[in-house]
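Source file: my_file-v8.tsv; contents: TSV, C-alpha atoms and all ligand atoms.
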```
chain	number	residue	atom	x	y	z
D	8	MET	CA	35.47	-48.04	-61.34
D	9	SER	CA	33.03	-49.16	-63.99
D	10	SER	CA	30.31	-46.77	-64.98
D	11	SER	CA	27.61	-49.25	-63.94
D	12	LEU	CA	29.06	-49.47	-60.42
D	13	VAL	CA	29.11	-45.67	-60.17
D	14	LEU	CA	25.49	-45.61	-61.29
D	15	PHE	CA	24.62	-48.31	-58.73
D	16	LEU	CA	26.30	-46.38	-55.89
D	17	GLY	CA	24.60	-43.19	-57.03
D	18	LEU	CA	21.19	-44.83	-56.93
D	19	LEU	CA	21.98	-46.35	-53.53
D	20	LEU	CA	22.84	-42.93	-52.09
D	21	ALA	CA	19.79	-41.33	-53.65
D	22	HIS	CA	17.43	-43.93	-52.26
D	23	SER	CA	18.70	-44.57	-48.76
D	24	ALA	CA	17.39	-42.22	-46.10
D	25	VAL	CA	20.54	-41.09	-44.38
D	26	SER	CA	19.77	-41.02	-40.72
D	27	ILE	CA	21.39	-38.41	-38.53
D	28	ASP	CA	23.48	-39.72	-35.65
D	29	LEU	CA	21.80	-39.00	-32.35
D	30	GLN	CA	24.86	-37.95	-30.43
D	31	GLN	CA	23.32	-35.93	-27.66
D	32	LYS	CA	20.91	-37.16	-25.10
D	33	LEU	CA	18.99	-35.61	-22.26
D	34	LYS	CA	18.28	-38.25	-19.68
D	35	LEU	CA	15.75	-37.57	-16.96
D	36	THR	CA	15.68	-40.18	-14.24
D	37	LYS	CA	14.20	-40.82	-10.91
D	38	ASN	CA	16.61	-42.54	-8.60
D	39	ALA	CA	14.15	-44.48	-6.54
D	40	ASP	CA	12.64	-46.92	-9.01
D	41	GLY	CA	14.48	-46.24	-12.25
D	42	GLY	CA	11.70	-44.37	-14.03
D	43	SER	CA	13.44	-42.61	-16.92
D	44	LEU	CA	12.68	-40.35	-19.86
D	45	ASP	CA	15.12	-39.78	-22.72
D	46	VAL	CA	15.32	-37.12	-25.42
D	47	ALA	CA	18.10	-37.95	-27.88
D	48	TRP	CA	19.00	-35.76	-30.85
D	49	GLY	CA	21.54	-34.97	-33.49
D	50	ALA	CA	21.87	-32.48	-36.32
D	51	ASN	CA	23.47	-32.01	-39.70
D	52	ASP	CA	23.75	-28.72	-41.53
D	53	THR	CA	20.06	-28.51	-42.33
D	54	HIS	CA	18.06	-30.83	-40.09
D	55	VAL	CA	17.58	-31.95	-36.51
D	56	GLU	CA	16.57	-35.52	-35.77
D	57	VAL	CA	15.01	-36.34	-32.42
D	58	GLU	CA	14.17	-39.56	-30.64
D	59	LEU	CA	11.83	-39.50	-27.66
D	60	THR	CA	11.70	-42.49	-25.31
D	61	TYR	CA	9.17	-41.85	-22.57
D	62	PRO	CA	7.71	-44.18	-19.96
D	63	THR	CA	4.17	-44.09	-21.27
D	64	THR	CA	1.93	-45.94	-23.70
D	65	GLY	CA	0.03	-42.75	-24.54
D	66	TRP	CA	1.09	-39.50	-26.21
D	67	LEU	CA	4.47	-37.79	-25.86
D	68	ALA	CA	5.62	-34.30	-26.69
D	69	LEU	CA	8.70	-32.12	-26.90
D	70	GLY	CA	8.13	-28.38	-27.05
D	71	LEU	CA	10.39	-25.46	-27.89
D	72	SER	CA	9.23	-22.78	-25.49
D	73	PRO	CA	9.96	-19.05	-25.58
D	74	ASP	CA	10.34	-18.80	-21.79
D	75	GLY	CA	9.87	-22.27	-20.29
D	76	GLY	CA	6.10	-21.91	-20.15
D	77	MET	CA	3.56	-23.62	-22.34
D	78	ASP	CA	2.24	-20.57	-24.16
D	79	MET	CA	3.49	-20.12	-27.74
D	80	SER	CA	5.50	-23.33	-27.72
D	81	ASP	CA	6.35	-25.19	-30.90
D	82	VAL	CA	5.56	-28.83	-30.22
D	83	LEU	CA	6.61	-32.17	-31.63
D	84	PHE	CA	3.71	-34.43	-30.70
D	85	GLY	CA	3.09	-38.10	-31.35
D	86	TYR	CA	1.92	-41.49	-30.22
D	87	VAL	CA	1.77	-45.13	-31.24
D	88	ASN	CA	-1.57	-46.81	-31.82
D	89	GLY	CA	-2.50	-50.24	-30.50
D	90	ASP	CA	-1.96	-51.71	-33.99
D	91	GLY	CA	1.62	-50.42	-34.10
D	92	THR	CA	1.02	-47.53	-36.51
D	93	PHE	CA	2.46	-44.25	-35.29
D	94	VAL	CA	1.52	-40.61	-35.60
D	95	VAL	CA	3.98	-37.70	-35.54
D	96	GLN	CA	2.62	-34.17	-35.71
D	97	ASP	CA	3.76	-30.57	-35.76
D	98	ARG	CA	1.64	-28.67	-33.23
D	99	TYR	CA	1.51	-25.28	-31.62
D	100	LEU	CA	0.60	-24.63	-28.02
D	101	ALA	CA	-1.43	-21.62	-27.05
D	102	ALA	CA	-2.02	-21.24	-23.33
D	103	PRO	CA	-2.49	-17.52	-22.67
D	104	ASP	CA	-4.54	-18.12	-19.54
D	105	GLY	CA	-2.82	-21.31	-18.44
D	106	VAL	CA	-5.26	-23.59	-20.22
D	107	GLY	CA	-3.40	-25.09	-23.14
D	108	SER	CA	-4.79	-25.76	-26.57
D	109	LEU	CA	-2.49	-27.88	-28.69
D	110	SER	CA	-3.42	-27.12	-32.30
D	111	LEU	CA	-2.13	-28.73	-35.47
D	112	ASP	CA	0.20	-26.47	-37.43
D	113	THR	CA	-1.07	-25.38	-40.81
D	114	THR	CA	2.18	-26.70	-42.29
D	115	GLN	CA	3.43	-30.03	-40.94
D	116	ASN	CA	7.20	-29.78	-40.71
D	117	TRP	CA	8.06	-32.77	-38.52
D	118	GLN	CA	8.42	-35.98	-40.47
D	119	GLY	CA	8.02	-39.26	-38.60
D	120	ILE	CA	10.82	-41.80	-39.07
D	121	SER	CA	9.80	-44.56	-36.67
D	122	GLY	CA	7.50	-45.28	-33.76
D	123	SER	CA	7.07	-48.24	-31.45
D	124	LYS	CA	5.90	-49.10	-28.00
D	125	ASN	CA	5.84	-51.99	-25.62
D	126	GLY	CA	3.98	-52.37	-22.36
D	127	THR	CA	6.08	-49.69	-20.67
D	128	PHE	CA	7.77	-47.30	-23.12
D	129	THR	CA	6.89	-45.45	-26.30
D	130	GLN	CA	9.67	-44.44	-28.68
D	131	LEU	CA	9.25	-41.96	-31.54
D	132	ARG	CA	11.84	-40.69	-33.98
D	133	ALA	CA	11.30	-37.70	-36.23
D	134	VAL	CA	13.22	-35.20	-38.34
D	135	ARG	CA	12.66	-31.51	-39.06
D	136	ALA	CA	14.48	-28.69	-40.78
D	137	ILE	CA	16.46	-26.50	-38.39
D	138	ARG	CA	14.64	-23.46	-39.78
D	139	THR	CA	11.28	-24.35	-41.28
D	140	GLY	CA	10.38	-20.87	-42.49
D	141	ASP	CA	7.06	-21.17	-40.61
D	142	SER	CA	7.65	-18.20	-38.34
D	143	ALA	CA	4.04	-18.12	-37.16
D	144	GLN	CA	3.93	-21.62	-35.68
D	145	ASP	CA	7.50	-22.96	-35.51
D	146	ARG	CA	10.66	-21.98	-33.67
D	147	ALA	CA	14.09	-22.54	-35.17
D	148	PHE	CA	16.65	-24.77	-33.48
D	149	THR	CA	19.73	-22.73	-32.54
D	150	ASP	CA	23.23	-23.11	-31.14
D	151	LYS	CA	22.11	-21.34	-27.96
D	152	SER	CA	20.46	-22.81	-24.90
D	153	GLN	CA	16.73	-23.15	-25.62
D	154	ASN	CA	13.85	-23.73	-23.23
D	155	VAL	CA	12.17	-27.06	-23.80
D	156	ILE	CA	9.17	-28.78	-22.30
D	157	VAL	CA	8.77	-32.53	-22.19
D	158	ALA	CA	5.28	-33.83	-21.55
D	159	MET	CA	3.37	-37.08	-21.78
D	160	SER	CA	0.05	-38.67	-21.02
D	161	PRO	CA	-1.12	-42.27	-20.62
D	162	THR	CA	-3.85	-41.62	-23.21
D	163	VAL	CA	-3.76	-41.91	-26.99
D	164	PRO	CA	-6.06	-39.55	-28.92
D	165	ASP	CA	-9.03	-41.25	-30.56
D	166	SER	CA	-7.87	-39.98	-33.96
D	167	PRO	CA	-5.12	-37.67	-35.32
D	168	THR	CA	-7.52	-34.72	-35.11
D	169	ALA	CA	-9.37	-35.69	-31.91
D	170	PRO	CA	-9.05	-33.60	-28.74
D	171	ILE	CA	-5.93	-34.29	-26.71
D	172	ARG	CA	-6.23	-35.07	-23.05
D	173	LYS	CA	-4.07	-33.16	-20.58
D	174	HIS	CA	-0.57	-34.32	-19.81
D	175	SER	CA	0.07	-36.44	-16.73
D	176	PHE	CA	3.72	-35.34	-16.54
D	177	LYS	CA	5.46	-32.16	-17.63
D	178	PHE	CA	9.02	-30.93	-17.10
D	179	SER	CA	10.84	-27.82	-18.27
D	180	THR	CA	14.55	-27.63	-18.89
D	181	SER	CA	16.94	-26.18	-21.45
D	182	LEU	CA	18.92	-27.79	-24.25
D	183	THR	CA	21.38	-26.63	-26.86
D	184	PHE	CA	20.37	-28.51	-29.98
D	185	LEU	CA	23.10	-27.36	-32.38
D	186	SER	CA	26.01	-28.10	-30.11
D	187	ALA	CA	28.23	-31.10	-29.65
D	188	ALA	CA	28.00	-30.82	-25.90
D	189	THR	CA	25.95	-33.47	-24.17
D	190	PRO	CA	23.99	-32.21	-21.18
D	191	ALA	CA	24.48	-33.87	-17.83
D	192	PRO	CA	21.72	-36.30	-16.85
D	193	VAL	CA	18.98	-34.61	-14.88
D	194	THR	CA	17.48	-36.21	-11.82
D	195	VAL	CA	13.82	-35.47	-11.62
D	196	VAL	CA	10.82	-37.37	-10.42
D	197	VAL	CA	9.86	-39.15	-13.61
D	198	PRO	CA	6.76	-41.30	-13.12
D	199	SER	CA	7.64	-44.93	-12.78
D	200	VAL	CA	7.13	-47.17	-15.74
D	201	VAL	CA	3.52	-48.14	-16.16
D	202	VAL	CA	3.44	-51.83	-15.40
D	203	PRO	CA	0.58	-53.52	-17.21
D	204	GLN	CA	-1.90	-54.96	-14.79
D	205	THR	CA	-1.82	-58.72	-14.74
D	206	PRO	CA	-5.41	-59.86	-14.36
D	207	PRO	CA	-6.15	-61.63	-11.08
D	208	PRO	CA	-6.11	-65.42	-11.33
D	209	VAL	CA	-9.47	-66.86	-12.14
D	210	VAL	CA	-10.68	-68.99	-9.25
D	211	VAL	CA	-13.11	-71.66	-10.33
D	212	VAL	CA	-15.60	-72.21	-7.54
D	213	PRO	CA	-17.31	-75.59	-7.88
D	214	GLN	CA	-20.99	-75.02	-8.28
D	215	THR	CA	-23.15	-76.72	-5.71
D	216	PRO	CA	-26.31	-77.71	-7.50
D	217	PRO	CA	-29.30	-75.68	-6.42
D	218	PRO	CA	-31.61	-77.49	-3.98
D	219	VAL	CA	-34.35	-79.35	-5.75
D	220	VAL	CA	-37.64	-77.73	-4.93
D	221	VAL	CA	-40.50	-80.19	-5.07
D	222	VAL	CA	-43.57	-78.41	-6.16
D	223	PRO	CA	-46.57	-80.22	-4.74
D	224	SER	CA	-48.66	-81.58	-7.50
D	225	PRO	CA	-52.05	-79.91	-7.72
D	226	GLN	CA	-53.68	-83.34	-7.52
D	227	THR	CA	-54.71	-84.29	-4.01
D	228	PRO	CA	-52.97	-87.49	-3.13
D	229	ALA	CA	-55.04	-90.61	-2.78
D	230	PRO	CA	-56.00	-91.15	0.85
D	231	VAL	CA	-53.77	-93.66	2.55
D	232	ALA	CA	-55.52	-96.22	4.65
D	233	PRO	CA	-54.42	-95.88	8.27
D	234	THR	CA	-52.24	-98.64	9.56
D	235	LEU	CA	-51.88	-99.70	13.13
D	236	ILE	CA	-48.99	-101.42	14.73
D	237	ILE	CA	-49.79	-103.59	17.62
D	238	ARG	CA	-47.21	-105.15	19.80
D	239	ASN	CA	-48.27	-108.48	21.06
D	240	SER	CA	-45.74	-110.48	23.02
D	241	GLY	CA	-42.92	-108.80	21.20
D	242	THR	CA	-44.26	-109.62	17.78
D	243	LYS	CA	-44.98	-106.85	15.39
D	244	ILE	CA	-48.18	-107.36	13.60
D	245	GLN	CA	-49.09	-105.18	10.75
D	246	THR	CA	-52.14	-105.79	8.76
D	247	GLY	CA	-54.51	-104.04	6.52
D	248	THR	CA	-56.97	-101.96	8.35
D	249	GLY	CA	-56.85	-100.83	11.90
D	250	LEU	CA	-60.44	-101.61	12.57
D	251	LEU	CA	-60.06	-105.29	11.76
D	252	ILE	CA	-57.03	-105.57	14.02
D	253	ILE	CA	-58.77	-103.88	16.84
D	254	ALA	CA	-61.71	-106.20	16.44
D	255	VAL	CA	-59.52	-109.29	16.31
D	256	THR	CA	-57.47	-108.15	19.24
D	257	PHE	CA	-60.54	-107.35	21.25
D	258	LEU	CA	-61.94	-110.77	20.54
D	259	GLY	CA	-58.65	-112.46	21.35
D	260	MET	CA	-58.42	-110.74	24.67
D	261	ARG	CA	-61.90	-111.79	25.50
D	262	LEU	CA	-61.37	-115.43	24.62
U	301	LIG	C1	20.48	-33.81	-43.19
U	301	LIG	O1	19.53	-34.80	-42.83
U	301	LIG	C2	18.35	-34.74	-43.57
U	301	LIG	C3	17.38	-35.75	-42.98
U	301	LIG	O2	17.94	-37.03	-42.92
U	301	LIG	C4	18.62	-35.01	-45.04
U	301	LIG	O3	17.43	-34.97	-45.78
U	301	LIG	C5	19.61	-33.98	-45.54
U	301	LIG	O4	19.96	-34.28	-46.85
U	301	LIG	C6	20.84	-33.93	-44.65
U	301	LIG	N1	21.64	-32.79	-45.03
U	301	LIG	C7	22.94	-32.87	-45.17
U	301	LIG	C8	23.62	-31.60	-45.54
U	301	LIG	O5	23.56	-33.91	-45.01
U	302	LIG	C1	10.49	-51.36	-23.93
U	302	LIG	O1	11.03	-50.34	-24.73
U	302	LIG	C2	12.06	-49.60	-24.11
U	302	LIG	C3	12.42	-48.46	-25.03
U	302	LIG	O2	12.67	-48.89	-26.32
U	302	LIG	C4	13.23	-50.50	-23.79
U	302	LIG	O3	14.25	-49.77	-23.15
U	302	LIG	C5	12.75	-51.60	-22.88
U	302	LIG	O4	13.79	-52.51	-22.66
U	302	LIG	C6	11.59	-52.33	-23.53
U	302	LIG	N1	11.05	-53.27	-22.57
U	302	LIG	C7	10.75	-54.53	-22.90
U	302	LIG	C8	10.20	-55.37	-21.82
U	302	LIG	O5	10.91	-54.94	-24.04
```
What does this structure look like when you write it as structure tokens?
Amino acid sequence: MSSSLVLFLGLLLAHSAVSIDLQQKLKLTKNADGGSLDVAWGANDTHVEVELTYPTTGWLALGLSPDGGMDMSDVLFGYVNGDGTFVVQDRYLAAPDGVGSLSLDTTQNWQGISGSKNGTFTQLRAVRAIRTGDSAQDRAFTDKSQNVIVAMSPTVPDSPTAPIRKHSFKFSTSLTFLSAATPAPVTVVVPSVVVPQTPPPVVVVPQTPPPVVVVPSPQTPAPVAPTLIIRNSGTKIQTGTGLLIIAVTFLGMRL
């Protein structure tokens, strides 16, 4: 092999982000209408890569929990904005009295790889070291069964540091991240896919023109001379003034 080809291959290896195969997958489904939620992952010697595909257009989360509850969970949190940019964050959940506060870790150990969404699903992919060394706010991935929480919401935070609205769906289960075994699919009531509302058809109602209101002119109309219709042997006579007709008629009758 020529030295330039070796150099080329070396550069290629150095510059390509080697993605970890996501060989295991937790699939939560609801039988009735096919709502589904997937957590796929894979690991190499040092890192775990995770892909979340949840039926939401808002935020999604995967938490490593000490006991299946929310308190003291180490959370992978993220969402995709309307413009297609995505946010992946390392957060920590404190919920000592049941009310959770999902704070940003001081050290961000999750690194976003990709994020996308369509009208029904959001998909995020991220990578993290198996052991981050952040013992205060992270939990290590192990080869034992670990409690995990999946959660999502239809809302996207206003900004990466804005308050996070409560989840609309949460489910606890257990996974073994550093194991080749793939867990059996879990049947759970996953909310059905959010179908975007199609706006109702616009019905164009033909406008009937408003009735014309005739405002009487302030001028008093000119007085109209009275007319008189006299029937005389079936002939209609109509002339100028009534008085003249009456006079003529009177005379005629007298003659
Ligand atoms: C494991 O994957 C990570 C993330 O892709 C990578 O940075 C690291 O070099 C990989 N480690 C090994 C031992 O392959
Ligand atoms: C939306 O994204 C999900 C997850 O990537 C995919 O399974 C689904 O087919 C997509 N739906 C459409 C209508 O593109």
### Nearby residues, ligand LIG 302 (chain U), 8 Å, all atoms listed in the file, as a ChimeraX atom specification
/D:60-61,123-130
### Message
Between atom CA of D:Trp48 and atom CA of D:Val87, what distance in Å does the model show, to one decimal?
### Response
19.6 Å
### Query
Which residue gives the smallest distance to D:Arg135 among D:Asn51, D:Ser181, D:Thr168, D:Asn116, with only C-alpha atoms counted?
D:Asn116
### Task
Take atom N1 of ligand LIG 301 (chain U) and atom CA of D:Thr139 and report the distance between them in Å, one decimal.
13.9 Å
Would you give the centre and edge lengths, in Å to one decimal, of a box along x, y and z around the listed atoms of ligand LIG 301 (chain U), with 8 Å added to each side, as AutoDock Vina command-line options?
```
--center_x 20.5 --center_y -34.3 --center_z -44.8 --size_x 22.2 --size_y 21.4 --size_z 20.0
```
### Task
Taking all atoms listed in the file into account, report as a list in words which residues have an atom no farther than 9 Å from an atom of ligand LIG 301 (chain U).
Ala24, Val25, Ser26, Ile27, Ala50, Asn51, Asp52, Thr53, His54, Val55, Glu56, Val134, Arg135 and Ala136 of chain D
Atoms to include: C-alpha atoms. Write the selected residues as a PDB file, in the frame of the given file.
```pdb
ATOM      1  CA  ALA D  24      17.390 -42.220 -46.100  1.00  0.00           C
ATOM      2  CA  VAL D  25      20.540 -41.090 -44.380  1.00  0.00           C
ATOM      3  CA  SER D  26      19.770 -41.020 -40.720  1.00  0.00           C
ATOM      4  CA  ILE D  27      21.390 -38.410 -38.530  1.00  0.00           C
ATOM      5  CA  ALA D  50      21.870 -32.480 -36.320  1.00  0.00           C
ATOM      6  CA  ASN D  51      23.470 -32.010 -39.700  1.00  0.00           C
ATOM      7  CA  ASP D  52      23.750 -28.720 -41.530  1.00  0.00           C
ATOM      8  CA  THR D  53      20.060 -28.510 -42.330  1.00  0.00           C
ATOM      9  CA  HIS D  54      18.060 -30.830 -40.090  1.00  0.00           C
ATOM     10  CA  VAL D  55      17.580 -31.950 -36.510  1.00  0.00           C
ATOM     11  CA  GLU D  56      16.570 -35.520 -35.770  1.00  0.00           C
ATOM     12  CA  VAL D 134      13.220 -35.200 -38.340  1.00  0.00           C
ATOM     13  CA  ARG D 135      12.660 -31.510 -39.060  1.00  0.00           C
ATOM     14  CA  ALA D 136      14.480 -28.690 -40.780  1.00  0.00           C
TER      15      ALA D 136
END
```
### Message
Counting only C-alpha atoms, which residue out of D:Gln30, D:Thr113, D:Gln144, D:Gln118 sits closest to D:Met79?
### Response
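Distance minimum relative to D:Met79 lands on D:Gln144.
Taking atom CA of D:Met159 and atom CA of D:Gly76 as endpoints, the distance between them is 15.5 Å.
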### Query
Looking at D:Ser152, D:Ser43, D:Ser80, D:Thr64, which one is nearest to D:Ala188, with distances taken over only C-alpha atoms?
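Of D:Ser152, D:Ser43, D:Ser80, D:Thr64, the one nearest D:Ala188, counting only C-alpha atoms, is D:Ser152.
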### Task
Can you pull out every residue within 9 Å of D:Ile120, counting all atoms listed in the file, but drop anything in the same chain fewer than 4 positions away, and send it as a ChimeraX atom specification?
/D:95,131-134
#### Entry: Shortest interatomic distance to D:Leu100 - which of D:Arg146, D:Thr180, D:Asn88, D:Ser121, counting only C-alpha atoms
D:Arg146
### Query
Nearest to D:Gly75 among D:Ala147, D:Leu109, D:Leu182, D:Val94, with distances taken over only C-alpha atoms: which residue is it?
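The shortest atom-to-atom distance to D:Gly75 comes from D:Leu182.
Residues lying within 7 Å of D:Thr183, counting only C-alpha atoms and ignoring same-chain neighbours fewer than 4 positions away, are Asp150, Lys151, Ser152 and Gln153 of chain D.
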Writer output for current selection, C-alpha atoms, as a compact mmCIF listing (two decimals), keeping the file's coordinate frame:
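The new file part.txt reads:
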```
# COMPACT_ATOMS: atom_id res chain seq x y z
CA ASP D 150 23.23 -23.11 -31.14
CA LYS D 151 22.11 -21.34 -27.96
CA SER D 152 20.46 -22.81 -24.90
CA GLN D 153 16.73 -23.15 -25.62
```
